[in-house]
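A.B. asks: Input structure: input-v7.tsv, which contains TSV, C-alpha atoms.
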```tsv
chain	number	residue	atom	x	y	z
A	30	MET	CA	-17.49	37.82	-56.07
A	31	THR	CA	-17.35	37.84	-52.29
A	32	PRO	CA	-13.82	38.47	-51.05
A	33	ARG	CA	-12.39	35.51	-49.14
A	34	GLY	CA	-10.32	35.73	-45.95
A	35	ARG	CA	-10.93	36.27	-42.25
A	36	ARG	CA	-13.54	38.70	-41.04
A	37	PRO	CA	-13.02	39.94	-37.47
A	38	GLY	CA	-15.67	38.28	-35.32
A	39	GLY	CA	-17.04	36.14	-38.15
A	40	ALA	CA	-17.39	32.39	-38.45
A	41	ASP	CA	-14.04	32.30	-40.20
A	42	THR	CA	-12.19	33.77	-37.23
A	43	ARG	CA	-13.57	31.10	-34.96
A	44	SER	CA	-12.40	28.27	-37.20
A	45	VAL	CA	-8.98	29.91	-37.64
A	46	ILE	CA	-8.63	29.92	-33.85
A	47	VAL	CA	-9.70	26.28	-33.58
A	48	GLU	CA	-7.18	25.29	-36.24
A	49	ALA	CA	-4.40	27.28	-34.53
A	50	ALA	CA	-5.32	25.61	-31.23
A	51	ARG	CA	-5.20	22.18	-32.82
A	52	VAL	CA	-1.63	22.86	-33.99
A	53	GLU	CA	-0.52	24.33	-30.65
A	54	PHE	CA	-2.08	21.55	-28.52
A	55	ALA	CA	-0.49	18.90	-30.74
A	56	ALA	CA	2.93	20.57	-30.64
A	57	GLN	CA	3.01	21.66	-26.97
A	58	GLY	CA	0.58	19.34	-25.22
A	59	TYR	CA	-2.32	20.56	-23.11
A	60	ASP	CA	-0.35	21.96	-20.18
A	61	ALA	CA	2.19	24.01	-22.13
A	62	THR	CA	-0.31	25.53	-24.57
A	63	SER	CA	-1.30	29.12	-23.76
A	64	LEU	CA	-4.26	31.05	-25.15
A	65	ARG	CA	-1.76	33.79	-25.97
A	66	ALA	CA	0.23	31.42	-28.21
A	67	VAL	CA	-2.96	30.23	-29.91
A	68	ALA	CA	-3.96	33.85	-30.56
A	69	ARG	CA	-0.50	34.63	-31.94
A	70	ARG	CA	-0.66	31.68	-34.31
A	71	ALA	CA	-4.19	32.61	-35.40
A	72	GLU	CA	-3.10	36.25	-35.79
A	73	VAL	CA	-5.95	37.51	-33.66
A	74	ASP	CA	-6.19	39.45	-30.43
A	75	PRO	CA	-6.08	37.13	-27.33
A	76	ALA	CA	-9.32	38.80	-26.21
A	77	LEU	CA	-11.06	37.22	-29.20
A	78	VAL	CA	-9.99	33.73	-28.08
A	79	HIS	CA	-11.47	34.45	-24.67
A	80	HIS	CA	-14.58	35.86	-26.29
A	81	TYR	CA	-15.23	32.73	-28.32
A	82	PHE	CA	-14.10	30.02	-25.93
A	83	GLY	CA	-13.89	31.43	-22.43
A	84	GLY	CA	-10.84	29.39	-21.50
A	85	LYS	CA	-8.36	26.67	-22.35
A	86	SER	CA	-10.48	23.67	-21.42
A	87	ALA	CA	-13.43	24.85	-23.55
A	88	LEU	CA	-11.07	25.46	-26.46
A	89	PHE	CA	-9.61	21.99	-26.00
A	90	THR	CA	-13.07	20.44	-25.80
A	91	THR	CA	-13.82	22.03	-29.18
A	92	VAL	CA	-10.53	20.93	-30.72
A	93	MET	CA	-10.77	17.36	-29.45
A	94	ASP	CA	-14.52	17.29	-29.98
A	95	VAL	CA	-14.68	15.73	-26.54
A	96	PRO	CA	-18.03	13.96	-26.37
A	97	GLY	CA	-20.64	14.93	-23.86
A	98	SER	CA	-18.66	18.01	-22.87
A	99	PRO	CA	-17.72	16.40	-19.53
A	100	LEU	CA	-17.03	19.72	-17.86
A	101	GLY	CA	-20.57	20.94	-18.39
A	102	LEU	CA	-21.91	17.66	-17.06
A	103	ILE	CA	-19.67	17.79	-14.02
A	104	GLY	CA	-21.10	21.20	-13.25
A	105	ALA	CA	-24.64	19.78	-13.33
A	106	VAL	CA	-23.60	16.78	-11.24
A	107	ILE	CA	-21.99	18.94	-8.60
A	108	GLU	CA	-25.09	21.10	-8.20
A	109	GLY	CA	-27.60	18.28	-7.52
A	110	PRO	CA	-28.03	16.32	-4.29
A	111	ARG	CA	-24.76	14.76	-3.13
A	112	GLU	CA	-26.24	11.32	-2.38
A	113	GLN	CA	-27.02	10.60	-6.04
A	114	ALA	CA	-23.96	12.23	-7.58
A	115	GLY	CA	-22.58	8.92	-8.90
A	116	GLU	CA	-25.82	7.84	-10.49
A	117	ARG	CA	-26.30	11.30	-12.03
A	118	LEU	CA	-22.80	11.26	-13.53
A	119	VAL	CA	-23.29	7.85	-15.15
A	120	HIS	CA	-26.73	8.77	-16.45
A	121	GLY	CA	-25.53	12.09	-17.85
A	122	LEU	CA	-22.43	10.72	-19.60
A	123	ILE	CA	-24.05	7.61	-21.07
A	124	GLY	CA	-27.06	9.70	-22.07
A	125	SER	CA	-24.92	12.18	-23.95
A	126	TRP	CA	-22.91	9.43	-25.68
A	127	ASP	CA	-25.96	7.33	-26.58
A	128	THR	CA	-26.95	9.75	-29.35
A	129	ALA	CA	-25.68	8.86	-32.84
A	130	ASP	CA	-23.57	12.00	-32.82
A	131	GLY	CA	-22.12	11.42	-29.34
A	132	GLN	CA	-21.28	7.82	-30.19
A	133	GLN	CA	-19.41	8.87	-33.32
A	134	ARG	CA	-17.45	11.51	-31.45
A	135	PHE	CA	-16.51	9.10	-28.68
A	136	GLN	CA	-15.27	6.60	-31.28
A	137	ALA	CA	-13.20	9.29	-33.05
A	138	LEU	CA	-11.71	10.52	-29.79
A	139	LEU	CA	-10.74	7.08	-28.56
A	140	ARG	CA	-9.35	5.98	-31.90
A	141	ALA	CA	-7.18	9.10	-31.95
A	142	ALA	CA	-6.00	8.52	-28.36
A	143	VAL	CA	-5.19	4.87	-29.03
A	144	THR	CA	-3.33	5.46	-32.29
A	145	HIS	CA	-1.74	8.93	-31.95
A	146	ASP	CA	0.68	9.93	-29.23
A	147	ASP	CA	-0.28	13.61	-29.47
A	148	ALA	CA	-3.97	12.99	-28.93
A	149	LYS	CA	-3.16	10.55	-26.13
A	150	ARG	CA	-1.00	13.03	-24.25
A	151	MET	CA	-3.49	15.86	-24.64
A	152	LEU	CA	-6.39	13.75	-23.45
A	153	GLY	CA	-4.37	12.52	-20.45
A	154	ASP	CA	-3.38	16.06	-19.45
A	155	PHE	CA	-6.90	17.31	-19.96
A	156	LEU	CA	-8.45	14.60	-17.80
A	157	THR	CA	-5.89	15.19	-15.06
A	158	ARG	CA	-5.88	18.99	-14.99
A	159	GLU	CA	-9.53	19.72	-15.68
A	160	VAL	CA	-11.81	16.77	-15.08
A	161	PHE	CA	-10.19	15.05	-12.08
A	162	VAL	CA	-9.30	18.30	-10.34
A	163	LYS	CA	-12.90	19.53	-10.60
A	164	LEU	CA	-14.32	16.24	-9.34
A	165	VAL	CA	-11.90	16.18	-6.43
A	166	ALA	CA	-12.61	19.80	-5.52
A	167	ALA	CA	-16.35	19.15	-5.54
A	168	PHE	CA	-16.60	15.85	-3.72
A	169	ALA	CA	-13.43	14.85	-1.90
A	170	PRO	CA	-13.52	14.97	1.88
A	171	PRO	CA	-11.22	17.71	3.22
A	172	ASN	CA	-8.76	15.25	4.76
A	173	CYS	CA	-8.25	13.37	1.48
A	174	GLN	CA	-4.64	13.25	0.33
A	175	ARG	CA	-4.21	14.79	-3.08
A	176	THR	CA	-2.77	11.68	-4.79
A	177	ASP	CA	-5.37	9.37	-3.30
A	178	CYS	CA	-8.20	11.70	-4.31
A	179	GLU	CA	-6.96	12.11	-7.85
A	180	LEU	CA	-6.61	8.36	-8.13
A	181	ARG	CA	-10.20	7.92	-6.96
A	182	ALA	CA	-11.45	10.42	-9.53
A	183	SER	CA	-9.48	8.64	-12.25
A	184	LEU	CA	-10.94	5.27	-11.21
A	185	ALA	CA	-14.44	6.72	-11.59
A	186	ALA	CA	-13.44	7.95	-15.05
A	187	ALA	CA	-11.95	4.53	-15.89
A	188	GLN	CA	-15.24	2.83	-15.01
A	189	VAL	CA	-17.27	5.10	-17.26
A	190	VAL	CA	-14.72	5.07	-20.11
A	191	GLY	CA	-14.52	1.25	-19.90
A	192	ILE	CA	-18.30	1.02	-20.26
A	193	ALA	CA	-18.22	3.39	-23.24
A	194	LEU	CA	-15.42	1.36	-24.81
A	195	MET	CA	-17.45	-1.84	-24.55
A	196	ARG	CA	-20.77	-0.18	-25.53
A	197	TYR	CA	-19.68	1.96	-28.48
A	198	ILE	CA	-16.45	0.44	-29.78
A	199	ILE	CA	-16.03	-3.25	-28.92
A	200	GLU	CA	-19.84	-3.50	-28.96
A	201	VAL	CA	-20.15	-6.30	-26.44
A	202	PRO	CA	-23.83	-7.33	-26.85
A	203	VAL	CA	-24.86	-7.30	-23.18
A	204	MET	CA	-23.39	-3.78	-22.79
A	205	VAL	CA	-24.90	-2.50	-26.03
A	206	GLU	CA	-28.35	-3.72	-24.96
A	207	ALA	CA	-28.19	-2.42	-21.39
A	208	ARG	CA	-30.65	0.35	-20.60
A	209	GLN	CA	-29.33	3.69	-19.34
A	210	GLU	CA	-31.35	3.31	-16.13
A	211	ASP	CA	-29.84	-0.09	-15.37
A	212	LEU	CA	-26.32	1.20	-15.98
A	213	ALA	CA	-26.93	4.20	-13.72
A	214	ARG	CA	-28.45	2.00	-11.01
A	215	LEU	CA	-25.68	-0.60	-11.06
A	216	VAL	CA	-22.68	1.67	-11.65
A	217	GLY	CA	-23.79	4.75	-9.71
A	218	PRO	CA	-22.81	3.31	-6.30
A	219	SER	CA	-19.26	2.51	-7.54
A	220	ILE	CA	-18.76	6.07	-8.75
A	221	GLN	CA	-20.28	7.35	-5.52
A	222	ARG	CA	-17.88	5.28	-3.47
A	223	TYR	CA	-14.81	6.50	-5.40
A	224	LEU	CA	-15.75	10.17	-5.36
A	225	VAL	CA	-17.76	10.88	-2.27
A	226	ASP	CA	-17.56	8.19	0.39
B	3	MET	CA	19.98	-30.04	-45.80
B	4	THR	CA	17.04	-30.53	-43.45
B	5	PRO	CA	13.79	-31.03	-45.32
B	6	ARG	CA	11.29	-28.22	-44.66
B	7	GLY	CA	7.54	-28.64	-44.15
B	8	ARG	CA	5.20	-29.78	-41.43
B	9	ARG	CA	6.18	-32.56	-39.10
B	10	PRO	CA	3.26	-34.28	-37.35
B	11	GLY	CA	3.34	-33.15	-33.73
B	12	GLY	CA	6.26	-30.76	-34.25
B	13	ALA	CA	6.52	-27.02	-33.59
B	14	ASP	CA	5.51	-26.42	-37.19
B	15	THR	CA	2.17	-28.15	-36.80
B	16	ARG	CA	1.32	-25.96	-33.85
B	17	SER	CA	2.00	-22.75	-35.77
B	18	VAL	CA	0.08	-24.03	-38.81
B	19	ILE	CA	-2.92	-24.56	-36.52
B	20	VAL	CA	-2.59	-21.11	-35.00
B	21	GLU	CA	-2.43	-19.53	-38.43
B	22	ALA	CA	-5.46	-21.53	-39.64
B	23	ALA	CA	-7.34	-20.45	-36.50
B	24	ARG	CA	-6.45	-16.81	-37.11
B	25	VAL	CA	-7.99	-17.03	-40.59
B	26	GLU	CA	-11.10	-18.89	-39.39
B	27	PHE	CA	-11.76	-16.61	-36.41
B	28	ALA	CA	-11.38	-13.53	-38.64
B	29	ALA	CA	-13.70	-14.94	-41.31
B	30	GLN	CA	-16.36	-16.56	-39.09
B	31	GLY	CA	-16.14	-14.71	-35.79
B	32	TYR	CA	-15.62	-16.43	-32.47
B	33	ASP	CA	-19.00	-18.12	-32.16
B	34	ALA	CA	-19.19	-19.67	-35.61
B	35	THR	CA	-15.63	-20.98	-35.67
B	36	SER	CA	-15.33	-24.72	-34.98
B	37	LEU	CA	-12.20	-26.64	-34.08
B	38	ARG	CA	-13.13	-29.02	-36.87
B	39	ALA	CA	-12.99	-26.19	-39.45
B	40	VAL	CA	-9.64	-25.03	-38.06
B	41	ALA	CA	-8.29	-28.58	-38.34
B	42	ARG	CA	-9.58	-28.87	-41.89
B	43	ARG	CA	-7.92	-25.61	-42.92
B	44	ALA	CA	-4.67	-26.64	-41.21
B	45	GLU	CA	-4.91	-30.08	-42.82
B	46	VAL	CA	-4.44	-31.87	-39.52
B	47	ASP	CA	-6.53	-34.28	-37.51
B	48	PRO	CA	-9.00	-32.48	-35.17
B	49	ALA	CA	-7.52	-34.51	-32.31
B	50	LEU	CA	-4.24	-32.64	-32.79
B	51	VAL	CA	-5.96	-29.30	-32.28
B	52	HIS	CA	-7.41	-30.63	-29.02
B	53	HIS	CA	-4.02	-31.99	-28.07
B	54	TYR	CA	-2.27	-28.64	-28.46
B	55	PHE	CA	-4.93	-26.24	-27.26
B	56	GLY	CA	-7.56	-28.13	-25.30
B	57	GLY	CA	-10.44	-26.04	-26.61
B	58	LYS	CA	-11.66	-23.05	-28.54
B	59	SER	CA	-11.09	-20.40	-25.88
B	60	ALA	CA	-7.46	-21.45	-25.36
B	61	LEU	CA	-6.90	-21.42	-29.10
B	62	PHE	CA	-8.45	-17.97	-29.31
B	63	THR	CA	-6.32	-16.73	-26.43
B	64	THR	CA	-3.26	-17.83	-28.39
B	65	VAL	CA	-4.44	-16.28	-31.63
B	66	MET	CA	-5.42	-12.97	-30.07
B	67	ASP	CA	-2.49	-13.09	-27.68
B	68	VAL	CA	-4.99	-12.06	-25.02
B	69	PRO	CA	-2.92	-10.56	-22.23
B	70	GLY	CA	-2.92	-12.03	-18.78
B	71	SER	CA	-4.74	-15.11	-20.02
B	72	PRO	CA	-7.92	-14.03	-18.21
B	73	LEU	CA	-9.36	-17.52	-18.15
B	74	GLY	CA	-6.43	-18.86	-16.12
B	75	LEU	CA	-6.71	-15.94	-13.74
B	76	ILE	CA	-10.43	-16.39	-13.34
B	77	GLY	CA	-9.79	-19.97	-12.31
B	78	ALA	CA	-7.39	-18.82	-9.59
B	79	VAL	CA	-9.82	-16.14	-8.45
B	80	ILE	CA	-12.67	-18.57	-8.19
B	81	GLU	CA	-10.69	-20.96	-6.03
B	82	GLY	CA	-9.65	-18.47	-3.31
B	83	PRO	CA	-11.85	-17.12	-0.50
B	84	ARG	CA	-15.02	-15.56	-1.84
B	85	GLU	CA	-14.80	-12.39	0.28
B	86	GLN	CA	-11.67	-11.13	-1.49
B	87	ALA	CA	-12.55	-12.29	-5.00
B	88	GLY	CA	-12.78	-8.72	-6.35
B	89	GLU	CA	-9.46	-7.63	-4.90
B	90	ARG	CA	-7.79	-10.82	-6.15
B	91	LEU	CA	-9.11	-10.31	-9.68
B	92	VAL	CA	-7.84	-6.72	-9.87
B	93	HIS	CA	-4.46	-7.64	-8.39
B	94	GLY	CA	-4.05	-10.60	-10.75
B	95	LEU	CA	-5.01	-8.77	-13.93
B	96	ILE	CA	-3.05	-5.57	-13.25
B	97	GLY	CA	-0.11	-7.67	-12.09
B	98	SER	CA	-0.05	-9.68	-15.30
B	99	TRP	CA	-0.37	-6.54	-17.46
B	100	ASP	CA	2.22	-4.54	-15.53
B	101	THR	CA	5.08	-6.53	-17.04
B	102	ALA	CA	6.67	-4.99	-20.16
B	103	ASP	CA	5.42	-7.94	-22.17
B	104	GLY	CA	1.88	-7.83	-20.79
B	105	GLN	CA	1.66	-4.11	-21.40
B	106	GLN	CA	2.70	-4.49	-25.04
B	107	ARG	CA	0.19	-7.27	-25.61
B	108	PHE	CA	-2.62	-5.27	-24.04
B	109	GLN	CA	-1.78	-2.32	-26.29
B	110	ALA	CA	-1.72	-4.51	-29.41
B	111	LEU	CA	-5.02	-6.17	-28.50
B	112	LEU	CA	-6.82	-2.92	-27.82
B	113	ARG	CA	-5.43	-1.19	-30.91
B	114	ALA	CA	-6.68	-4.12	-32.99
B	115	ALA	CA	-10.12	-4.04	-31.35
B	116	VAL	CA	-10.43	-0.28	-31.81
B	117	THR	CA	-9.31	-0.21	-35.44
B	118	HIS	CA	-10.42	-3.57	-36.92
B	119	ASP	CA	-13.98	-4.80	-37.00
B	120	ASP	CA	-12.89	-8.46	-37.06
B	121	ALA	CA	-10.80	-8.19	-33.92
B	122	LYS	CA	-13.52	-6.18	-32.24
B	123	ARG	CA	-16.22	-8.77	-32.92
B	124	MET	CA	-14.03	-11.67	-31.85
B	125	LEU	CA	-13.05	-10.00	-28.61
B	126	GLY	CA	-16.67	-9.11	-27.86
B	127	ASP	CA	-17.85	-12.67	-28.48
B	128	PHE	CA	-14.98	-14.10	-26.48
B	129	LEU	CA	-15.65	-11.87	-23.46
B	130	THR	CA	-19.35	-12.71	-23.56
B	131	ARG	CA	-19.16	-16.45	-24.14
B	132	GLU	CA	-16.09	-17.34	-22.09
B	133	VAL	CA	-15.16	-14.70	-19.56
B	134	PHE	CA	-18.54	-13.37	-18.44
B	135	VAL	CA	-20.20	-16.78	-18.42
B	136	LYS	CA	-17.47	-18.20	-16.20
B	137	LEU	CA	-17.61	-15.27	-13.81
B	138	VAL	CA	-21.38	-15.50	-13.60
B	139	ALA	CA	-21.32	-19.26	-13.05
B	140	ALA	CA	-18.76	-18.88	-10.26
B	141	PHE	CA	-20.13	-15.93	-8.32
B	142	ALA	CA	-23.69	-15.03	-9.21
B	143	PRO	CA	-26.38	-15.78	-6.64
B	144	PRO	CA	-28.72	-18.52	-7.85
B	145	ASN	CA	-31.70	-16.17	-8.18
B	146	CYS	CA	-29.82	-13.77	-10.45
B	147	GLN	CA	-31.47	-13.25	-13.84
B	148	ARG	CA	-29.17	-14.14	-16.68
B	149	THR	CA	-29.15	-10.73	-18.39
B	150	ASP	CA	-28.61	-8.88	-15.14
B	151	CYS	CA	-25.77	-11.21	-14.13
B	152	GLU	CA	-24.02	-10.95	-17.47
B	153	LEU	CA	-24.33	-7.19	-17.32
B	154	ARG	CA	-22.74	-7.19	-13.86
B	155	ALA	CA	-19.84	-9.30	-15.09
B	156	SER	CA	-19.36	-6.99	-18.05
B	157	LEU	CA	-19.35	-3.95	-15.73
B	158	ALA	CA	-16.57	-5.55	-13.71
B	159	ALA	CA	-14.68	-6.14	-16.95
B	160	ALA	CA	-15.33	-2.53	-18.03
B	161	GLN	CA	-13.83	-1.23	-14.79
B	162	VAL	CA	-10.64	-3.23	-15.21
B	163	VAL	CA	-10.33	-2.56	-18.95
B	164	GLY	CA	-10.89	1.17	-18.33
B	165	ILE	CA	-8.04	1.18	-15.81
B	166	ALA	CA	-5.78	-0.66	-18.25
B	167	LEU	CA	-6.71	1.79	-21.01
B	168	MET	CA	-5.72	4.75	-18.83
B	169	ARG	CA	-2.64	3.05	-17.36
B	170	TYR	CA	-1.08	1.49	-20.47
B	171	ILE	CA	-2.47	3.42	-23.43
B	172	ILE	CA	-3.63	6.95	-22.58
B	173	GLU	CA	-1.00	6.93	-19.80
B	174	VAL	CA	-2.81	9.25	-17.44
B	175	PRO	CA	-0.07	10.07	-14.89
B	176	VAL	CA	-2.00	9.37	-11.67
B	177	MET	CA	-3.05	5.98	-13.04
B	178	VAL	CA	0.43	5.11	-14.33
B	179	GLU	CA	1.94	5.91	-10.93
B	180	ALA	CA	-0.66	4.06	-8.85
B	181	ARG	CA	0.64	1.02	-6.98
B	182	GLN	CA	-0.95	-2.37	-7.64
B	183	GLU	CA	-1.91	-2.64	-3.96
B	184	ASP	CA	-3.74	0.68	-3.99
B	185	LEU	CA	-5.62	-0.26	-7.15
B	186	ALA	CA	-6.63	-3.61	-5.67
B	187	ARG	CA	-7.68	-1.98	-2.39
B	188	LEU	CA	-9.74	0.77	-4.02
B	189	VAL	CA	-11.22	-1.16	-6.96
B	190	GLY	CA	-11.66	-4.57	-5.34
B	191	PRO	CA	-14.90	-3.65	-3.56
B	192	SER	CA	-16.49	-2.40	-6.81
B	193	ILE	CA	-15.71	-5.67	-8.55
B	194	GLN	CA	-16.91	-7.57	-5.50
B	195	ARG	CA	-20.20	-5.68	-5.53
B	196	TYR	CA	-20.80	-6.37	-9.24
B	197	LEU	CA	-19.93	-10.05	-9.12
B	198	VAL	CA	-20.73	-11.41	-5.71
B	199	ASP	CA	-23.00	-9.15	-3.68
```
Starting from the coordinates I provided, produce the structure as structure tokens.
C.D. replies:
Amino acid sequence: MTPRGRRPGGADTRSVIVEAARVEFAAQGYDATSLRAVARRAEVDPALVHHYFGGKSALFTTVMDVPGSPLGLIGAVIEGPREQAGERLVHGLIGSWDTADGQQRFQALLRAAVTHDDAKRMLGDFLTREVFVKLVAAFAPPNCQRTDCELRASLAAAQVVGIALMRYIIEVPVMVEARQEDLARLVGPSIQRYLVD
Amino acid sequence: MTPRGRRPGGADTRSVIVEAARVEFAAQGYDATSLRAVARRAEVDPALVHHYFGGKSALFTTVMDVPGSPLGLIGAVIEGPREQAGERLVHGLIGSWDTADGQQRFQALLRAAVTHDDAKRMLGDFLTREVFVKLVAAFAPPNCQRTDCELRASLAAAQVVGIALMRYIIEVPVMVEARQEDLARLVGPSIQRYLVD
């Protein structure tokens, strides 16, 4: 018989951390959750949490199973040519959600956010603190007022999330049938205008 | 004692029709539901259904409690100057949802669409057959291919629905705090570009 229980550094430790994080995020919300508190609950050294997840947003992405790992995508979008940033963002997000797996995860995430206050609050905090801030830092003109810039980033997110809602959840035929290229071509300029121009 | 039961033309008849329509729409979907079938189920003359509701989309709007009665708004938007159509649409929709009542109805509608296949299918059909078609007929240039035009209308809808999702359901702070005027000013041009330009 193999002994059960956590092994330091094993697959079990990782899932214990994820479970502890799920409880902490739900109880405290995204902002008030610390990696230290997650480590305490998981009964592991905080360094292990860092080792596995790097930081709070990556841990949250794992817990929420956030589809398309938007932070990774944003990194890729920021690095390419500025003139096509909007088109690249739309193409990247829709592309990552268009897989069977991505579609399922988007549905689960949105269902949770629409029906559970905890999930809703965490997702809202996460978008504000991680996604919008990164978009603003990368693209906003230097004279852009913080509130206005954040609002612009959130409008870009609203456009993409609205498309995903109609494509993967409400399944409006014209949106389901649209090709990724057409979506990127038509929507890219809107995103570009919100974020960059 | 007042006798109970339906009175022809009374408040009771109206609610019997609404209830019959709810059952028919759920069973048949939006497209396949006929006013005749609703009348038959309600055991009233089809003319009474027309008398109370005018047509299928108005009956559906009542059944689904569709917030902001988008069809009425679209009428108002179509009538004003073409150059500010996008801004007017955003202002009108957000304005109608920003009331406590409108907010609650939007939440109920979206929860239903996200969690029930029936509601989802009906809403999708309704948007496609009534809302998009009207927007396309009003604004699309004559040389616009049908699929492309419908997709543009649905992208405009996705932008506004995405904002409502973040403002009333996920409650992302920057979106909750945004003023109607700022939303109309920032989002109007995107809607304008999808629908008119």
A.B. asks: Find the residues around A:Val73 up to 9 Å (all atoms listed in the file counted), leave out those fewer than 4 positions away in its own chain, and share them as a PDB file with C-alpha atoms, in the coordinates of the input.
C.D. replies:
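The result, stored in result.pdb:
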```pdb
ATOM      1  CA  PRO A  37     -13.020  39.940 -37.470  1.00  0.00           C
ATOM      2  CA  THR A  42     -12.190  33.770 -37.230  1.00  0.00           C
ATOM      3  CA  ILE A  46      -8.630  29.920 -33.850  1.00  0.00           C
ATOM      4  CA  VAL A  67      -2.960  30.230 -29.910  1.00  0.00           C
ATOM      5  CA  ALA A  68      -3.960  33.850 -30.560  1.00  0.00           C
ATOM      6  CA  ARG A  69      -0.500  34.630 -31.940  1.00  0.00           C
ATOM      7  CA  LEU A  77     -11.060  37.220 -29.200  1.00  0.00           C
ATOM      8  CA  VAL A  78      -9.990  33.730 -28.080  1.00  0.00           C
TER       9      VAL A  78
END
```
A.B. asks: Can you pull out the residues contacting stretch 155-157 of chain A? Cut-off 12 Å, using all atoms listed in the file, and skip same-chain residues under 3 positions away; I want them as a PyMOL selection string.
C.D. replies: (chain A and resi 54+58-62+85-90+92-93+95+98-100+148-152+160-165+176+178-187+190) or (chain B and resi 168+172-178)
A.B. asks: Calculate how many Å separate atom CA of B:His93 from atom CA of B:Ala186, rounding to one decimal.
C.D. replies: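 These atoms are spaced 5.3 Å apart.
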A.B. asks: Excluding same-chain residues fewer than 5 positions from B:Arg187, what lies within 10 Å of it counting only C-alpha atoms, as number ranges by chain?
C.D. replies: B: 88-90, 92-93, 181-182, 192
A.B. asks: As an exercise, work out the distance from atom CA of B:Gln109 to atom CA of B:Tyr170 in Å and give it to one decimal place.
C.D. replies: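 These two atoms are separated by 7.0 Å.
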A.B. asks: So how far away is atom CA of B:Leu112 from atom CA of B:Asp150, in Å?
C.D. replies: 25.9 Å
A.B. asks: Do you know which residues are at most 12 Å from B:Ala139 counting only C-alpha atoms, after dropping those on the same chain fewer than 6 positions away, and could you put them as a list of chain:residue names?
C.D. replies: B:Ile76, B:Gly77, B:Ile80, B:Arg131, B:Glu132, B:Val133, B:Asn145, B:Cys146, B:Gln147, B:Arg148, B:Cys151, B:Glu152, B:Ala155, B:Leu197, B:Val198
A.B. asks: Between A:Glu210, A:Leu118, A:Gly153, A:Tyr223, which one has atoms that come closest to chain B, using all atoms listed in the file?
C.D. replies: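 Distance minimum relative to chain B lands on A:Gly153.
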A.B. asks: Choose the residue, out of B:Thr64, B:Arg38, B:Leu95, B:Gly57, that has the smallest atom-to-atom separation from B:Ser17; count all atoms listed in the file.
C.D. replies: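 Closest candidate: B:Thr64.
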